[in-house]
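Structure file protein-v4.txt; described as compact mmCIF, C-alpha atoms.
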# COMPACT_ATOMS: atom_id res chain seq x y z
CA MET Z 218 14.63 9.08 18.07
CA ARG Z 219 13.68 11.81 15.60
CA VAL Z 220 11.64 10.37 12.74
CA LEU Z 221 10.90 12.12 9.45
CA LEU Z 222 7.88 10.57 7.73
CA ILE Z 223 7.43 11.42 4.04
CA GLY Z 224 3.90 11.43 2.64
CA SER Z 225 0.40 12.73 3.27
CA GLY Z 226 -2.06 9.90 2.65
CA GLY Z 227 -3.98 7.35 4.67
CA ARG Z 228 -1.01 5.00 4.74
CA GLU Z 229 1.16 7.74 6.27
CA HIS Z 230 -1.48 8.67 8.84
CA ALA Z 231 -1.60 5.02 9.94
CA LEU Z 232 2.20 4.95 10.17
CA ALA Z 233 2.18 8.21 12.14
CA GLU Z 234 -0.30 6.82 14.67
CA ALA Z 235 1.88 3.75 15.24
CA LEU Z 236 5.07 5.81 15.42
CA ALA Z 237 3.54 8.22 17.93
CA ALA Z 238 2.72 5.23 20.16
CA ASP Z 239 6.36 4.06 20.08
CA GLU Z 240 8.15 5.29 23.22
CA SER Z 241 11.48 5.33 21.36
CA VAL Z 242 10.11 8.05 19.01
CA ASP Z 243 10.33 11.37 20.83
CA THR Z 244 9.92 13.61 17.76
CA LEU Z 245 7.77 12.97 14.68
CA ILE Z 246 8.01 15.24 11.65
CA CYS Z 247 5.53 14.69 8.82
CA ALA Z 248 6.33 16.05 5.38
CA PRO Z 249 4.04 17.28 4.03
CA GLY Z 250 1.53 15.45 6.25
CA ASN Z 251 -2.21 16.05 6.51
CA PRO Z 252 -4.59 17.53 9.12
CA GLY Z 253 -4.93 14.20 10.91
CA MET Z 254 -1.17 13.74 11.11
CA ALA Z 255 -0.76 17.29 12.41
CA ARG Z 256 -2.20 16.13 15.75
CA LEU Z 257 0.66 13.66 16.11
CA GLY Z 258 3.69 15.68 15.08
CA GLU Z 259 4.99 18.73 13.26
CA CYS Z 260 3.99 19.02 9.59
CA VAL Z 261 6.43 20.74 7.25
CA ARG Z 262 6.16 21.52 3.56
CA VAL Z 263 8.28 19.62 1.09
CA ASN Z 264 7.98 18.30 -2.44
CA ALA Z 265 7.98 14.61 -1.54
CA ASN Z 266 9.00 13.66 -5.10
CA ASP Z 267 12.12 15.86 -5.07
CA PRO Z 268 15.09 13.76 -3.87
CA ALA Z 269 17.30 16.78 -3.15
CA ALA Z 270 14.58 18.58 -1.18
CA VAL Z 271 13.80 15.55 0.98
CA ALA Z 272 17.49 14.83 1.59
CA SER Z 273 18.05 18.43 2.63
CA LEU Z 274 15.10 18.27 5.03
CA ALA Z 275 16.45 15.03 6.51
CA VAL Z 276 19.70 16.85 7.36
CA THR Z 277 18.22 20.14 8.60
CA SER Z 278 15.67 18.33 10.77
CA ALA Z 279 18.43 16.15 12.27
CA ALA Z 280 16.41 13.03 11.54
CA ASP Z 281 17.61 9.74 13.00
CA LEU Z 282 15.33 7.84 10.62
CA VAL Z 283 13.53 8.78 7.41
CA ILE Z 284 10.53 6.71 6.34
CA VAL Z 285 9.40 7.17 2.73
CA GLY Z 286 5.74 6.26 2.50
CA PRO Z 287 4.48 6.68 -1.10
CA GLU Z 288 5.68 4.88 -4.20
CA ALA Z 289 6.34 7.90 -6.43
CA PRO Z 290 9.18 9.31 -4.25
CA LEU Z 291 10.76 5.86 -4.06
CA VAL Z 292 10.72 5.42 -7.83
CA ALA Z 293 12.11 8.97 -8.12
CA GLY Z 294 15.13 8.02 -6.00
CA VAL Z 295 14.32 9.86 -2.77
CA ALA Z 296 15.70 7.05 -0.60
CA ASP Z 297 19.00 7.12 -2.54
CA ALA Z 298 19.39 10.85 -1.96
CA VAL Z 299 18.74 10.52 1.78
CA ARG Z 300 21.19 7.61 2.11
CA ALA Z 301 23.82 9.67 0.30
CA LYS Z 302 23.60 12.15 3.22
CA GLY Z 303 24.36 9.37 5.70
CA VAL Z 304 20.85 9.35 7.20
CA PRO Z 305 19.20 5.94 7.82
CA VAL Z 306 16.19 5.58 5.54
CA TYR Z 307 13.43 3.01 5.39
CA GLY Z 308 12.56 2.63 1.72
CA PRO Z 309 14.15 0.91 -1.27
CA SER Z 310 16.53 2.48 -3.74
CA ARG Z 311 15.29 3.71 -7.10
CA GLU Z 312 16.59 0.54 -8.75
CA ALA Z 313 15.01 -1.81 -6.21
CA ALA Z 314 11.73 0.15 -6.31
CA ARG Z 315 11.39 -0.88 -9.96
CA ILE Z 316 9.74 -3.98 -8.54
CA GLU Z 317 6.68 -1.70 -8.36
CA GLY Z 318 7.64 0.96 -10.89
CA SER Z 319 7.70 -1.53 -13.77
CA LYS Z 320 5.42 -4.55 -14.05
CA ALA Z 321 7.70 -5.94 -16.75
CA PHE Z 322 10.75 -5.68 -14.46
CA ALA Z 323 8.83 -7.45 -11.69
CA LYS Z 324 8.05 -10.29 -14.09
CA GLU Z 325 11.74 -10.56 -15.00
CA VAL Z 326 12.73 -10.80 -11.34
CA MET Z 327 10.07 -13.41 -10.62
CA ALA Z 328 11.15 -15.50 -13.60
CA ALA Z 329 14.78 -15.40 -12.43
CA ALA Z 330 13.77 -16.27 -8.86
CA ASN Z 331 11.33 -19.01 -9.94
CA VAL Z 332 8.46 -17.27 -8.17
CA PRO Z 333 4.99 -18.45 -9.26
CA THR Z 334 2.99 -15.78 -11.09
CA ALA Z 335 0.61 -15.31 -13.98
CA ALA Z 336 1.92 -15.83 -17.49
CA ALA Z 337 2.29 -12.41 -19.10
CA ARG Z 338 3.38 -10.46 -22.17
CA ALA Z 339 4.89 -6.95 -22.17
CA CYS Z 340 3.39 -4.97 -25.07
CA ARG Z 341 3.97 -1.61 -26.72
CA SER Z 342 1.98 -1.81 -29.97
CA ARG Z 343 -1.63 -2.49 -30.85
CA GLU Z 344 -0.60 -5.67 -32.62
CA GLU Z 345 1.25 -6.96 -29.56
CA ILE Z 346 -1.67 -6.14 -27.26
CA GLU Z 347 -4.20 -7.84 -29.52
CA ALA Z 348 -2.05 -10.94 -29.83
CA ALA Z 349 -1.67 -11.18 -26.05
CA LEU Z 350 -5.41 -10.69 -25.48
CA ASP Z 351 -6.14 -13.50 -27.91
CA GLU Z 352 -3.49 -15.72 -26.32
CA PHE Z 353 -4.82 -15.46 -22.77
CA GLY Z 354 -8.52 -14.93 -23.46
CA ALA Z 355 -11.19 -13.61 -21.12
CA PRO Z 356 -11.30 -12.40 -18.42
CA TYR Z 357 -8.74 -9.96 -19.81
CA VAL Z 358 -6.12 -8.52 -17.43
CA VAL Z 359 -4.25 -5.45 -18.70
CA LYS Z 360 -1.83 -3.50 -16.47
CA ASP Z 361 -0.12 -0.19 -17.06
CA ASP Z 362 3.59 -1.00 -16.82
CA GLY Z 363 4.28 2.12 -14.73
CA LEU Z 364 2.86 3.67 -11.58
CA ALA Z 365 -0.87 4.35 -11.69
CA ALA Z 366 -1.86 4.89 -8.04
CA GLY Z 367 -3.56 1.50 -7.85
CA LYS Z 368 -5.88 2.25 -10.77
CA GLY Z 369 -3.80 1.19 -13.78
CA VAL Z 370 -5.31 -2.28 -14.02
CA ILE Z 371 -8.39 -3.40 -15.88
CA VAL Z 372 -9.97 -6.83 -15.47
CA THR Z 373 -12.85 -7.30 -17.87
CA GLU Z 374 -14.75 -9.71 -20.11
CA ASP Z 375 -14.94 -6.91 -22.71
CA ARG Z 376 -12.08 -7.34 -25.19
CA GLU Z 377 -12.58 -3.87 -26.66
CA ALA Z 378 -12.40 -2.22 -23.22
CA ALA Z 379 -9.20 -4.17 -22.50
CA LEU Z 380 -7.71 -3.04 -25.82
CA VAL Z 381 -8.66 0.60 -25.26
CA HIS Z 382 -7.02 0.56 -21.82
CA GLY Z 383 -3.89 -0.97 -23.28
CA LEU Z 384 -3.66 1.64 -26.02
CA GLU Z 385 -3.92 4.44 -23.45
CA CYS Z 386 -0.67 3.26 -21.81
CA GLU Z 387 2.84 3.69 -23.18
CA ARG Z 388 3.66 0.11 -22.23
CA VAL Z 389 1.37 -2.54 -20.81
CA VAL Z 390 1.57 -6.01 -19.40
CA VAL Z 391 -1.20 -8.39 -20.50
CA GLU Z 392 -1.62 -11.37 -18.17
CA GLU Z 393 -3.56 -14.56 -17.78
CA TYR Z 394 -6.42 -14.23 -15.30
CA LEU Z 395 -5.81 -15.71 -11.85
CA ASP Z 396 -8.81 -17.26 -10.12
CA GLY Z 397 -9.27 -17.62 -6.37
CA PRO Z 398 -9.24 -15.22 -3.41
CA GLU Z 399 -6.53 -12.55 -3.17
CA VAL Z 400 -4.30 -12.02 -0.15
CA SER Z 401 -1.94 -9.20 0.80
CA LEU Z 402 1.26 -9.67 2.81
CA PHE Z 403 3.67 -6.86 3.77
CA VAL Z 404 7.24 -7.99 4.38
CA VAL Z 405 9.74 -5.74 6.19
CA SER Z 406 13.28 -6.26 4.83
CA ASP Z 407 16.77 -4.90 5.53
CA GLY Z 408 18.12 -6.37 2.30
CA GLU Z 409 18.89 -9.73 3.87
CA ALA Z 410 16.61 -10.53 6.80
CA ALA Z 411 12.83 -10.27 6.38
CA ARG Z 412 9.85 -10.20 8.75
CA PRO Z 413 6.22 -10.64 7.65
CA LEU Z 414 3.33 -8.65 9.08
CA LEU Z 415 -0.20 -10.06 9.40
CA PRO Z 416 -1.86 -11.14 6.14
CA ALA Z 417 -4.86 -9.11 5.01
CA GLN Z 418 -7.47 -9.03 2.28
CA ASP Z 419 -8.66 -5.90 0.50
CA PHE Z 420 -11.60 -5.01 -1.74
CA LYS Z 421 -10.52 -3.38 -5.00
CA ARG Z 422 -13.69 -2.48 -6.88
CA VAL Z 423 -15.71 0.57 -6.01
CA GLY Z 424 -19.11 -1.06 -5.59
CA ASP Z 425 -20.73 -3.70 -3.41
CA GLY Z 426 -20.28 -7.25 -4.60
CA GLY Z 427 -17.16 -6.33 -6.54
CA SER Z 428 -19.01 -4.16 -9.04
CA GLY Z 429 -17.69 -1.11 -10.89
CA PRO Z 430 -14.16 -0.07 -11.78
CA ASN Z 431 -10.97 -0.92 -9.93
CA THR Z 432 -9.81 1.50 -7.24
CA GLY Z 433 -6.82 1.81 -4.96
CA GLY Z 434 -8.87 -0.20 -2.44
CA MET Z 435 -12.18 0.41 -0.67
CA GLY Z 436 -11.56 -1.55 2.52
CA ALA Z 437 -9.63 -4.40 4.12
CA TYR Z 438 -9.49 -6.69 7.12
CA THR Z 439 -7.02 -8.78 9.10
CA PRO Z 440 -6.38 -11.52 10.12
CA LEU Z 441 -7.82 -14.10 7.70
CA PRO Z 442 -9.65 -16.77 9.73
CA TRP Z 443 -10.29 -18.84 6.61
CA ALA Z 444 -6.65 -18.97 5.45
CA PRO Z 445 -4.41 -22.03 5.89
CA ASP Z 446 -2.27 -21.93 9.05
CA ASP Z 447 0.93 -22.12 6.99
CA LEU Z 448 -0.05 -19.41 4.49
CA VAL Z 449 2.46 -16.79 5.68
CA ALA Z 450 5.28 -19.34 5.86
CA GLN Z 451 4.42 -20.52 2.36
CA ILE Z 452 4.46 -16.95 0.99
CA MET Z 453 7.79 -16.22 2.63
CA THR Z 454 9.38 -19.41 1.30
CA THR Z 455 8.02 -19.35 -2.25
CA VAL Z 456 7.65 -15.62 -2.93
CA ALA Z 457 9.22 -13.06 -0.59
CA GLU Z 458 12.54 -14.66 0.24
CA PRO Z 459 13.40 -15.74 -3.35
CA THR Z 460 12.45 -12.27 -4.66
CA LEU Z 461 14.55 -10.46 -2.06
CA ALA Z 462 17.45 -12.83 -2.73
CA GLU Z 463 17.25 -12.16 -6.47
CA LEU Z 464 17.27 -8.39 -5.95
CA ALA Z 465 20.31 -8.73 -3.68
CA ARG Z 466 22.01 -10.95 -6.26
CA ARG Z 467 21.54 -8.17 -8.82
CA GLY Z 468 23.36 -5.76 -6.54
CA THR Z 469 20.18 -3.89 -5.54
CA PRO Z 470 19.26 -5.16 -2.06
CA PHE Z 471 15.72 -4.22 -1.09
CA VAL Z 472 15.51 -2.21 2.14
CA GLY Z 473 11.91 -1.40 2.95
CA THR Z 474 8.49 -2.97 2.53
CA LEU Z 475 7.91 -5.62 -0.11
CA TYR Z 476 4.18 -5.87 -0.64
CA CYS Z 477 3.17 -9.26 -1.99
CA GLY Z 478 -0.24 -9.27 -3.65
CA LEU Z 479 -1.22 -12.88 -4.22
CA ALA Z 480 -3.99 -15.07 -5.56
CA LEU Z 481 -4.75 -18.45 -4.00
CA THR Z 482 -5.61 -20.08 -7.31
CA SER Z 483 -6.86 -23.56 -8.16
CA LYS Z 484 -3.27 -24.22 -9.32
CA GLY Z 485 -1.63 -22.92 -6.16
CA LEU Z 486 -0.27 -19.64 -4.81
CA LYS Z 487 0.64 -17.06 -7.47
CA VAL Z 488 1.82 -13.43 -7.37
CA VAL Z 489 -0.56 -10.82 -8.74
CA GLU Z 490 1.75 -7.86 -8.14
CA PHE Z 491 4.52 -6.43 -5.99
CA ASN Z 492 4.64 -3.00 -4.41
CA ALA Z 493 7.65 -1.32 -2.84
CA ARG Z 494 5.89 0.16 0.22
CA PHE Z 495 3.05 -0.24 2.68
CA GLY Z 496 -0.29 0.01 0.91
CA ASP Z 497 -3.80 1.29 1.45
CA PRO Z 498 -6.15 0.17 2.83
CA GLU Z 499 -4.56 -2.97 4.30
CA ILE Z 500 -1.86 -1.34 6.42
CA GLN Z 501 -4.42 0.61 8.47
CA PRO Z 502 -6.04 -2.43 10.12
CA ILE Z 503 -2.71 -4.28 10.33
CA LEU Z 504 -0.98 -1.49 12.25
CA SER Z 505 -3.97 -1.11 14.57
CA LEU Z 506 -3.12 -4.60 15.90
CA LEU Z 507 0.66 -4.17 16.09
CA GLU Z 508 2.08 -4.10 19.63
CA SER Z 509 5.77 -4.15 18.71
CA PRO Z 510 7.33 -0.65 18.45
CA LEU Z 511 7.08 0.35 14.79
CA GLY Z 512 9.85 2.95 14.93
CA GLU Z 513 12.32 0.45 16.37
CA LEU Z 514 11.30 -2.16 13.77
CA LEU Z 515 11.79 0.16 10.80
CA TYR Z 516 15.04 1.58 12.24
CA ALA Z 517 16.40 -1.97 12.56
CA ALA Z 518 15.55 -2.58 8.91
CA ALA Z 519 17.06 0.74 7.79
CA THR Z 520 20.34 0.00 9.60
CA GLY Z 521 20.72 -3.65 8.57
CA ARG Z 522 19.93 -5.07 12.00
CA LEU Z 523 16.53 -6.64 11.42
CA ALA Z 524 17.84 -10.11 12.32
CA ASP Z 525 18.46 -8.82 15.85
CA PHE Z 526 14.93 -7.47 16.26
CA GLY Z 527 12.74 -9.52 18.58
CA THR Z 528 9.55 -11.38 17.71
CA LEU Z 529 6.71 -9.22 16.43
CA TRP Z 530 3.84 -8.99 18.90
CA TRP Z 531 0.21 -8.53 17.94
CA ARG Z 532 -2.97 -7.71 19.82
CA GLU Z 533 -5.59 -10.44 19.97
CA GLY Z 534 -8.64 -10.00 17.78
CA ALA Z 535 -9.26 -8.48 14.37
CA ALA Z 536 -9.41 -5.14 12.58
CA VAL Z 537 -11.42 -3.81 9.63
CA CYS Z 538 -10.93 -0.68 7.53
CA VAL Z 539 -13.74 0.96 5.56
CA VAL Z 540 -12.77 3.69 3.08
CA VAL Z 541 -14.98 6.77 2.75
CA ALA Z 542 -14.52 7.98 -0.83
CA ASN Z 543 -15.36 11.23 -2.55
CA GLU Z 544 -18.15 11.70 -5.06
CA GLY Z 545 -17.04 10.48 -8.50
CA TYR Z 546 -14.16 8.32 -7.26
CA PRO Z 547 -12.33 6.59 -8.93
CA GLU Z 548 -13.03 8.41 -12.19
CA SER Z 549 -13.75 12.14 -11.76
CA THR Z 550 -13.61 13.36 -8.19
CA VAL Z 551 -15.40 16.35 -6.69
CA THR Z 552 -13.19 18.20 -4.20
CA GLY Z 553 -13.46 21.06 -1.70
CA ARG Z 554 -16.54 19.91 0.18
CA PRO Z 555 -16.59 20.12 4.00
CA ILE Z 556 -16.12 17.01 6.15
CA TYR Z 557 -17.67 16.47 9.57
CA GLY Z 558 -17.10 13.60 11.98
CA ALA Z 559 -13.48 12.98 11.06
CA ASP Z 560 -12.30 13.63 14.63
CA GLN Z 561 -13.51 10.24 15.85
CA GLU Z 562 -10.84 7.90 17.21
CA GLY Z 563 -10.12 5.33 14.54
CA VAL Z 564 -10.71 7.70 11.61
CA LEU Z 565 -7.54 8.25 9.59
CA HIS Z 566 -7.11 11.03 7.04
CA ALA Z 567 -6.17 10.29 3.43
CA GLY Z 568 -7.40 13.04 1.10
CA THR Z 569 -8.07 16.00 3.39
CA ALA Z 570 -6.92 19.57 3.96
CA LEU Z 571 -7.95 22.69 5.88
CA ASP Z 572 -9.39 25.60 3.93
CA ALA Z 573 -8.61 29.27 4.67
CA ALA Z 574 -11.23 29.29 7.41
CA GLY Z 575 -9.84 26.17 9.08
CA GLN Z 576 -12.64 23.90 7.87
CA LEU Z 577 -11.67 20.32 7.03
CA ILE Z 578 -12.38 19.61 3.37
CA ALA Z 579 -12.08 16.66 0.99
CA THR Z 580 -9.24 16.97 -1.50
CA GLY Z 581 -8.74 13.46 -2.85
CA GLY Z 582 -10.56 10.39 -4.11
CA ARG Z 583 -10.22 8.31 -0.98
CA VAL Z 584 -10.87 10.74 1.83
CA LEU Z 585 -10.91 8.85 5.13
CA ASN Z 586 -10.14 5.38 6.48
CA CYS Z 587 -12.40 4.16 9.27
CA VAL Z 588 -10.66 1.46 11.30
CA GLY Z 589 -12.52 -0.69 13.80
CA THR Z 590 -11.12 -3.37 16.08
CA GLY Z 591 -12.79 -6.17 18.00
CA ALA Z 592 -12.54 -9.71 19.27
CA SER Z 593 -13.65 -11.00 15.85
CA VAL Z 594 -13.81 -9.73 12.30
CA ALA Z 595 -17.57 -9.31 12.72
CA GLN Z 596 -17.13 -7.10 15.80
CA ALA Z 597 -14.38 -5.06 14.16
CA ARG Z 598 -16.58 -4.63 11.10
CA GLN Z 599 -19.43 -3.30 13.22
CA GLU Z 600 -17.13 -0.71 14.80
CA ALA Z 601 -15.65 0.35 11.44
CA TYR Z 602 -19.08 0.90 9.92
CA ALA Z 603 -20.24 2.87 12.96
CA LEU Z 604 -17.31 5.23 12.33
CA ALA Z 605 -18.09 5.48 8.60
CA GLU Z 606 -21.74 6.26 9.33
CA GLY Z 607 -20.59 9.05 11.63
CA VAL Z 608 -18.77 10.85 8.81
CA LYS Z 609 -20.68 13.54 6.96
CA LEU Z 610 -19.46 14.40 3.46
CA GLU Z 611 -21.79 15.46 0.68
CA GLY Z 612 -21.57 12.86 -2.07
CA GLY Z 613 -19.30 10.66 0.02
CA HIS Z 614 -19.73 6.92 -0.37
CA PHE Z 615 -18.39 3.62 0.92
CA ARG Z 616 -18.91 -0.04 0.24
CA ARG Z 617 -21.35 -1.81 2.56
CA ASP Z 618 -19.88 -5.29 2.21
CA ILE Z 619 -16.30 -4.98 3.47
CA ALA Z 620 -15.44 -8.20 5.35
CA ALA Z 621 -19.08 -9.31 5.22
CA GLY Z 622 -19.67 -12.90 6.29
CA ILE Z 623 -16.10 -13.41 7.56

Represent the structure contained in this file as structure tokens.
Amino acid sequence: MRVLLIGSGGREHALAEALAADESVDTLICAPGNPGMARLGECVRVNANDPAAVASLAVTSAADLVIVGPEAPLVAGVADAVRAKGVPVYGPSREAARIEGSKAFAKEVMAAANVPTAAARACRSREEIEAALDEFGAPYVVKDDGLAAGKGVIVTEDREAALVHGLECERVVVEEYLDGPEVSLFVVSDGEAARPLLPAQDFKRVGDGGSGPNTGGMGAYTPLPWAPDDLVAQIMTTVAEPTLAELARRGTPFVGTLYCGLALTSKGLKVVEFNARFGDPEIQPILSLLESPLGELLYAAATGRLADFGTLWWREGAAVCVVVANEGYPESTVTGRPIYGADQEGVLHAGTALDAAGQLIATGGRVLNCVGTGASVAQARQEAYALAEGVKLEGGHFRRDIAAGI
């Protein structure tokens, strides 16, 4: 099977590693890819957000399966353009991807499907934002309605900071605050059938102890030894399956990954957000434990045959991901500095490139993902931090408390 993987971040590198280990995948093409992915397959240039360009590449590369990794191409309609060429594609349509592209749309779907979530108000004006802030009170939760690369959310006790964030966005969703630990679950769907992956937990804020601003995620681990045994079944029954059914009812069946971000609140399970794709940094440790062939799984979903796919198999033990971030992340990021130690097994590239001399340099906010595995979360954590300590990047930083005490 010839697989065309669209994207260039840490999520795509993790997918590429799993695809390269799948014996059914004989050719892997990464577009545009990154230096880490280049060791696994051919990297070709393409504007990942250009539906026509990606569809053309799918045809000229004779791809049997196209996997669209990032959210921006999905919201732009890349999957639609590829499907129009008759090529199987793993990734939702533009309309279905609105589940991530618009927080307000996601709330509408959840209301129709009777999915538990935070009470919320969609706001466009200062008056509407202020009224919603007063209605829900502190801690204030304000979300950019559109895509914001995981950084469009502010959770704060400071009403003025919440208002300022809201005014910076064209449209925002103001929500009630959800207490309790958060859990991530990725669900693979072919529009009808759905299969959950392992649940994970990530760490959103930049600093130890949950200090500092929100980021796209600074680390994650799986599985969750503290979680109820029926957690995944409960999420599927109360969240994923009703949401997928509602999207299908609307005539926009969801083919791809439905990411369910949830809070286990004092009042029960509630949805924090949906995404329309695999997400960083949870998918890195999850895929490191997957034994089932990823290419075959995603091809089954892309061709409407997920119900026929066998049981998912997982390695015993646990996995932890620690993100090495660039100086200034998540606000103003310094780029172009050399990276050393990124060739260790278990280190996945996210924001990297080669300069004219062939030196690996940092080009993004989150630069590398260091993934450790072990018999327990504690052992996996030790391995992940050993990898992170082996990376040399001037100004680079990482949280020291990922999966601590688990």

List every protein, DNA or RNA residue that has at least one atom no more than 10 Å from (-20.4, -9.3, 3.2) in the file's coordinates, counting all atoms listed in the file, and write the result as number ranges by chain. Z: 425-426, 595, 598, 616-623

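The environment of Ala524 of chain Z within 6 Å, counting all atoms listed in the file and disregarding residues fewer than 2 places along the same chain, consists of Ala410, Arg522 and Phe526 of chain Z.
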
What lies within 9 Å of Tyr307 of chain Z using only C-alpha atoms, ignoring chain neighbours under 2 positions off, as a ChimeraX atom specification? /Z:282-286,296,305,309,407,472-474,515-516,518-520

Choose the residue, out of Z:Phe403, Z:Trp443, Z:Tyr438, Z:Phe322, that has the smallest atom-to-atom separation from Gly363 of chain Z; count all atoms listed in the file. Z:Phe322

So that I can check the surroundings of Leu380 of chain Z, please list as a PyMOL selection string every protein, DNA and RNA residue that reaches within 9 Å of it, counting only C-alpha atoms and ignoring chain neighbours fewer than 3 positions away. chain Z and resi 343+346-347+350+359+375-377+383-385

Polymer residues at most 12 Å from Arg228 of chain Z, only C-alpha atoms, same-chain spacing of 4 or more positions, as a PyMOL selection string: chain Z and resi 222-224+232-235+250-251+253-254+284-288+433-434+494-505+538+540+565-568+583-586

Generate a file for segment 403-468 of chain Z, containing C-alpha atoms, as a PDB file, in the first residue's frame.
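Just written: out-v8.pdb:
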ATOM      1  CA  PHE Z 403      -9.096   9.472  20.152  1.00  0.00           C
ATOM      2  CA  VAL Z 404     -11.844   7.639  18.287  1.00  0.00           C
ATOM      3  CA  VAL Z 405     -11.276   6.255  14.776  1.00  0.00           C
ATOM      4  CA  SER Z 406     -14.480   6.422  12.697  1.00  0.00           C
ATOM      5  CA  ASP Z 407     -15.586   5.457   9.187  1.00  0.00           C
ATOM      6  CA  GLY Z 408     -18.789   7.470   9.509  1.00  0.00           C
ATOM      7  CA  GLU Z 409     -20.705   4.614  11.118  1.00  0.00           C
ATOM      8  CA  ALA Z 410     -18.444   2.250  13.048  1.00  0.00           C
ATOM      9  CA  ALA Z 411     -16.017   3.643  15.629  1.00  0.00           C
ATOM     10  CA  ARG Z 412     -13.003   2.272  17.520  1.00  0.00           C
ATOM     11  CA  PRO Z 413     -11.409   3.969  20.549  1.00  0.00           C
ATOM     12  CA  LEU Z 414      -7.671   4.134  21.137  1.00  0.00           C
ATOM     13  CA  LEU Z 415      -6.126   4.181  24.620  1.00  0.00           C
ATOM     14  CA  PRO Z 416      -7.147   7.092  26.861  1.00  0.00           C
ATOM     15  CA  ALA Z 417      -4.429   9.595  27.736  1.00  0.00           C
ATOM     16  CA  GLN Z 418      -3.891  12.700  29.822  1.00  0.00           C
ATOM     17  CA  ASP Z 419      -1.935  15.758  28.694  1.00  0.00           C
ATOM     18  CA  PHE Z 420      -0.461  18.807  30.409  1.00  0.00           C
ATOM     19  CA  LYS Z 421      -1.562  22.070  28.815  1.00  0.00           C
ATOM     20  CA  ARG Z 422       0.228  24.855  30.660  1.00  0.00           C
ATOM     21  CA  VAL Z 423       3.818  25.716  29.945  1.00  0.00           C
ATOM     22  CA  GLY Z 424       5.191  25.548  33.482  1.00  0.00           C
ATOM     23  CA  ASP Z 425       5.539  23.006  36.260  1.00  0.00           C
ATOM     24  CA  GLY Z 426       2.518  22.630  38.477  1.00  0.00           C
ATOM     25  CA  GLY Z 427       0.221  23.954  35.767  1.00  0.00           C
ATOM     26  CA  SER Z 428       1.679  27.455  35.848  1.00  0.00           C
ATOM     27  CA  GLY Z 429       1.926  29.930  32.976  1.00  0.00           C
ATOM     28  CA  PRO Z 430      -0.105  30.260  29.794  1.00  0.00           C
ATOM     29  CA  ASN Z 431      -1.896  27.509  27.901  1.00  0.00           C
ATOM     30  CA  THR Z 432       0.046  25.733  25.159  1.00  0.00           C
ATOM     31  CA  GLY Z 433      -0.703  23.079  22.584  1.00  0.00           C
ATOM     32  CA  GLY Z 434       0.468  20.571  25.208  1.00  0.00           C
ATOM     33  CA  MET Z 435       3.769  20.020  27.015  1.00  0.00           C
ATOM     34  CA  GLY Z 436       3.535  16.280  27.618  1.00  0.00           C
ATOM     35  CA  ALA Z 437       1.209  13.311  28.037  1.00  0.00           C
ATOM     36  CA  TYR Z 438       1.002   9.731  29.233  1.00  0.00           C
ATOM     37  CA  THR Z 439      -1.038   6.581  28.703  1.00  0.00           C
ATOM     38  CA  PRO Z 440      -2.719   4.486  30.019  1.00  0.00           C
ATOM     39  CA  LEU Z 441      -4.450   6.031  33.054  1.00  0.00           C
ATOM     40  CA  PRO Z 442      -4.049   3.658  36.014  1.00  0.00           C
ATOM     41  CA  TRP Z 443      -6.292   5.833  38.181  1.00  0.00           C
ATOM     42  CA  ALA Z 444      -9.235   5.939  35.746  1.00  0.00           C
ATOM     43  CA  PRO Z 445     -12.405   3.849  36.190  1.00  0.00           C
ATOM     44  CA  ASP Z 446     -12.347   0.544  34.284  1.00  0.00           C
ATOM     45  CA  ASP Z 447     -15.433   1.543  32.296  1.00  0.00           C
ATOM     46  CA  LEU Z 448     -14.202   5.032  31.370  1.00  0.00           C
ATOM     47  CA  VAL Z 449     -13.671   4.336  27.658  1.00  0.00           C
ATOM     48  CA  ALA Z 450     -17.008   2.537  27.353  1.00  0.00           C
ATOM     49  CA  GLN Z 451     -18.720   5.439  29.099  1.00  0.00           C
ATOM     50  CA  ILE Z 452     -17.117   7.988  26.755  1.00  0.00           C
ATOM     51  CA  MET Z 453     -18.103   5.983  23.695  1.00  0.00           C
ATOM     52  CA  THR Z 454     -21.708   5.597  24.856  1.00  0.00           C
ATOM     53  CA  THR Z 455     -22.338   9.124  26.127  1.00  0.00           C
ATOM     54  CA  VAL Z 456     -20.066  11.218  23.899  1.00  0.00           C
ATOM     55  CA  ALA Z 457     -18.464   9.710  20.791  1.00  0.00           C
ATOM     56  CA  GLU Z 458     -21.253   7.553  19.411  1.00  0.00           C
ATOM     57  CA  PRO Z 459     -24.047  10.156  19.865  1.00  0.00           C
ATOM     58  CA  THR Z 460     -21.843  12.860  18.284  1.00  0.00           C
ATOM     59  CA  LEU Z 461     -20.936  10.700  15.292  1.00  0.00           C
ATOM     60  CA  ALA Z 462     -24.583   9.709  14.883  1.00  0.00           C
ATOM     61  CA  GLU Z 463     -25.678  13.357  14.912  1.00  0.00           C
ATOM     62  CA  LEU Z 464     -23.103  14.303  12.264  1.00  0.00           C
ATOM     63  CA  ALA Z 465     -24.299  11.409  10.100  1.00  0.00           C
ATOM     64  CA  ARG Z 466     -27.914  12.468  10.624  1.00  0.00           C
ATOM     65  CA  ARG Z 467     -26.992  15.913   9.297  1.00  0.00           C
ATOM     66  CA  GLY Z 468     -25.670  14.336   6.116  1.00  0.00           C
TER      67      GLY Z 468
END
